[in-house]
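For reference, the structure is listed below as structure tokens.
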Amino acid sequence: MNCTTSVSSKDVVKAMRGKDYDLLISDIQMPGTNGFDLLTLLRNSNIGNSRTIPIVAMTARGDRDKEAFLHAGFTDYIYKPFSSSELLGLLSRIKTNRREEKPEVDFSLILSEVSDKHKALLSLISQSEKDREELDAAIKNGDRQKLREITHRMQPMWEFLRMAEPLLAYRTLLKDSETSDKELNEYTRQIIASTAMLIKAAEAEIKRLTNETEDTDS
């Protein structure tokens, strides 16, 4: 993860002209252009990916109601001061939401070396259903050690599928003793939702392969 720090809206515009960033975290109270004005400026400009980049409001707790930031068009918000686990949780949540907008899973690596692709996908579905059930049981029991064991087992396959980033961020949260039960529950539910999305994608891939075979035979 690489971060560029800017001290003014002018610096932000200059940085964004040079490259497309994945995320912008903007303070709200700033000299000159405040966070709301910066949001408006970027959304109404054609500066790099300014119209689509997720923009997070960073503000003091109690400064404004959270709905005010979302209504204004911010992707999310984070209150100062925040811990590393809170920041990682924010990043994980945004990555998950963006992935859900375009739920694509790359099955090419796991299917390239197997002759029976249907069997491989059915095995993936079966294991993913087991992972989902075990994650649900572990979070209900508050068993962090079990959650670490399950996600350690899940990681290699998710890396093959090129969807490991949220899982890696989640495992970092699991290792942080400061992560609250409420926060951990929220992000466990996100991983469970991603697992359900993976199952649906695998079922769709089986259907696609079946149709492809039928078209070839005919």
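Just so we're on the same page: first chain in the structure tokens is A, next is B, and so on; residues restart at 1 for each chain, and ligands are numbered from 1 in the order they show up.
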Worksheet item: Tell me, which residues of chain A carry DSSP strand (DSSP E), written as a ChimeraX atom specification?
Response: /A:24-27,55-60,76-80
For the selection just defined, write its residues with N, CA and C atoms to a file, as a PDB file, in the first residue's frame.
```pdb
ATOM      1  N   LEU A  24      -9.363   8.135  -1.664  1.00  0.00           N
ATOM      2  CA  LEU A  24      -8.963   9.427  -1.110  1.00  0.00           C
ATOM      3  C   LEU A  24      -9.616   9.583   0.258  1.00  0.00           C
ATOM      4  N   ILE A  25      -8.812   9.815   1.280  1.00  0.00           N
ATOM      5  CA  ILE A  25      -9.324  10.126   2.612  1.00  0.00           C
ATOM      6  C   ILE A  25      -9.087  11.603   2.856  1.00  0.00           C
ATOM      7  N   SER A  26     -10.162  12.345   3.025  1.00  0.00           N
ATOM      8  CA  SER A  26     -10.065  13.801   3.147  1.00  0.00           C
ATOM      9  C   SER A  26     -10.509  14.284   4.520  1.00  0.00           C
ATOM     10  N   ASP A  27      -9.681  15.105   5.129  1.00  0.00           N
ATOM     11  CA  ASP A  27     -10.092  15.777   6.352  1.00  0.00           C
ATOM     12  C   ASP A  27     -11.256  16.710   6.011  1.00  0.00           C
ATOM     13  N   ILE A  55     -14.258   8.451  -1.945  1.00  0.00           N
ATOM     14  CA  ILE A  55     -13.762   9.537  -1.102  1.00  0.00           C
ATOM     15  C   ILE A  55     -14.341   9.375   0.299  1.00  0.00           C
ATOM     16  N   VAL A  56     -13.461   9.288   1.288  1.00  0.00           N
ATOM     17  CA  VAL A  56     -13.857   9.058   2.675  1.00  0.00           C
ATOM     18  C   VAL A  56     -13.681  10.341   3.478  1.00  0.00           C
ATOM     19  N   ALA A  57     -14.680  10.684   4.268  1.00  0.00           N
ATOM     20  CA  ALA A  57     -14.599  11.843   5.151  1.00  0.00           C
ATOM     21  C   ALA A  57     -13.891  11.452   6.444  1.00  0.00           C
ATOM     22  N   MET A  58     -12.871  12.220   6.813  1.00  0.00           N
ATOM     23  CA  MET A  58     -12.152  12.001   8.069  1.00  0.00           C
ATOM     24  C   MET A  58     -12.466  13.185   8.978  1.00  0.00           C
ATOM     25  N   THR A  59     -13.076  12.916  10.119  1.00  0.00           N
ATOM     26  CA  THR A  59     -13.580  14.011  10.935  1.00  0.00           C
ATOM     27  C   THR A  59     -13.561  13.657  12.417  1.00  0.00           C
ATOM     28  N   ALA A  60     -13.702  14.674  13.242  1.00  0.00           N
ATOM     29  CA  ALA A  60     -13.757  14.454  14.693  1.00  0.00           C
ATOM     30  C   ALA A  60     -15.104  13.846  15.069  1.00  0.00           C
ATOM     31  N   ASP A  76     -17.734   6.879   2.485  1.00  0.00           N
ATOM     32  CA  ASP A  76     -17.770   6.397   3.860  1.00  0.00           C
ATOM     33  C   ASP A  76     -17.172   7.491   4.734  1.00  0.00           C
ATOM     34  N   TYR A  77     -16.974   7.203   6.001  1.00  0.00           N
ATOM     35  CA  TYR A  77     -16.411   8.182   6.931  1.00  0.00           C
ATOM     36  C   TYR A  77     -15.619   7.441   7.991  1.00  0.00           C
ATOM     37  N   ILE A  78     -14.694   8.163   8.634  1.00  0.00           N
ATOM     38  CA  ILE A  78     -13.941   7.590   9.743  1.00  0.00           C
ATOM     39  C   ILE A  78     -13.684   8.703  10.748  1.00  0.00           C
ATOM     40  N   TYR A  79     -13.874   8.400  12.036  1.00  0.00           N
ATOM     41  CA  TYR A  79     -13.718   9.406  13.076  1.00  0.00           C
ATOM     42  C   TYR A  79     -12.299   9.408  13.629  1.00  0.00           C
ATOM     43  N   LYS A  80     -11.777  10.616  13.867  1.00  0.00           N
ATOM     44  CA  LYS A  80     -10.467  10.778  14.498  1.00  0.00           C
ATOM     45  C   LYS A  80     -10.650  10.839  16.014  1.00  0.00           C
TER      46      LYS A  80
END
```
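Taking atom CA of A:Thr216 and atom CA of A:Glu203 as the two end points, the separation is 20.1 Å.
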Hey, could you make a per-residue contact list for stretch 43-142 of chain A against stretch 153-161 of chain A with 7 Å as the cut-off, showing the nearest pair of atoms and its distance in Å to one decimal, counting only C-alpha atoms, sorted by chain and number, as JSON lines?
```
{"residue": "A:Val105", "atom": "CA", "partner": "A:Leu161", "partner_atom": "CA", "distance": 6.2}
{"residue": "A:Asp106", "atom": "CA", "partner": "A:Leu161", "partner_atom": "CA", "distance": 5.2}
{"residue": "A:Phe107", "atom": "CA", "partner": "A:Leu161", "partner_atom": "CA", "distance": 5.8}
{"residue": "A:Leu109", "atom": "CA", "partner": "A:Phe160", "partner_atom": "CA", "distance": 6.1}
{"residue": "A:Ile110", "atom": "CA", "partner": "A:Phe160", "partner_atom": "CA", "distance": 6.6}
```
May I have the selected residues written with N, CA and C atoms, as a PDB file, in the first residue's frame?
```pdb
ATOM      1  N   VAL A 105     -15.189 -13.342 -10.609  1.00  0.00           N
ATOM      2  CA  VAL A 105     -14.215 -14.257 -10.029  1.00  0.00           C
ATOM      3  C   VAL A 105     -13.447 -14.901 -11.178  1.00  0.00           C
ATOM      4  N   ASP A 106     -12.140 -14.942 -11.055  1.00  0.00           N
ATOM      5  CA  ASP A 106     -11.294 -15.506 -12.103  1.00  0.00           C
ATOM      6  C   ASP A 106     -11.022 -16.976 -11.790  1.00  0.00           C
ATOM      7  N   PHE A 107     -11.674 -17.879 -12.531  1.00  0.00           N
ATOM      8  CA  PHE A 107     -11.509 -19.308 -12.312  1.00  0.00           C
ATOM      9  C   PHE A 107     -10.401 -19.913 -13.171  1.00  0.00           C
ATOM     10  N   LEU A 109      -7.110 -19.973 -13.229  1.00  0.00           N
ATOM     11  CA  LEU A 109      -5.959 -20.661 -12.640  1.00  0.00           C
ATOM     12  C   LEU A 109      -6.323 -22.035 -12.081  1.00  0.00           C
ATOM     13  N   ILE A 110      -7.492 -22.152 -11.487  1.00  0.00           N
ATOM     14  CA  ILE A 110      -7.851 -23.440 -10.885  1.00  0.00           C
ATOM     15  C   ILE A 110      -8.404 -24.420 -11.920  1.00  0.00           C
TER      16      ILE A 110
END
```
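Comparing A:Ile94, A:Ser45, A:Glu183, A:Gln29 by their smallest distance to A:Val13, the closest is A:Ser45 (using only C-alpha atoms).
Nearest to A:Glu134 of all the residues A:His118, A:Ile191, A:Ser8, A:His71 is A:Ile191, based on only C-alpha atoms.
Going from atom CA of A:Glu165 over to atom CA of A:Leu198, you cover 14.2 Å.
Ranking A:Arg162, A:Thr179, A:Asp215, A:Ser108 by their shortest atom-to-atom distance to A:Phe82, with only C-alpha atoms included, puts A:Thr179 first.
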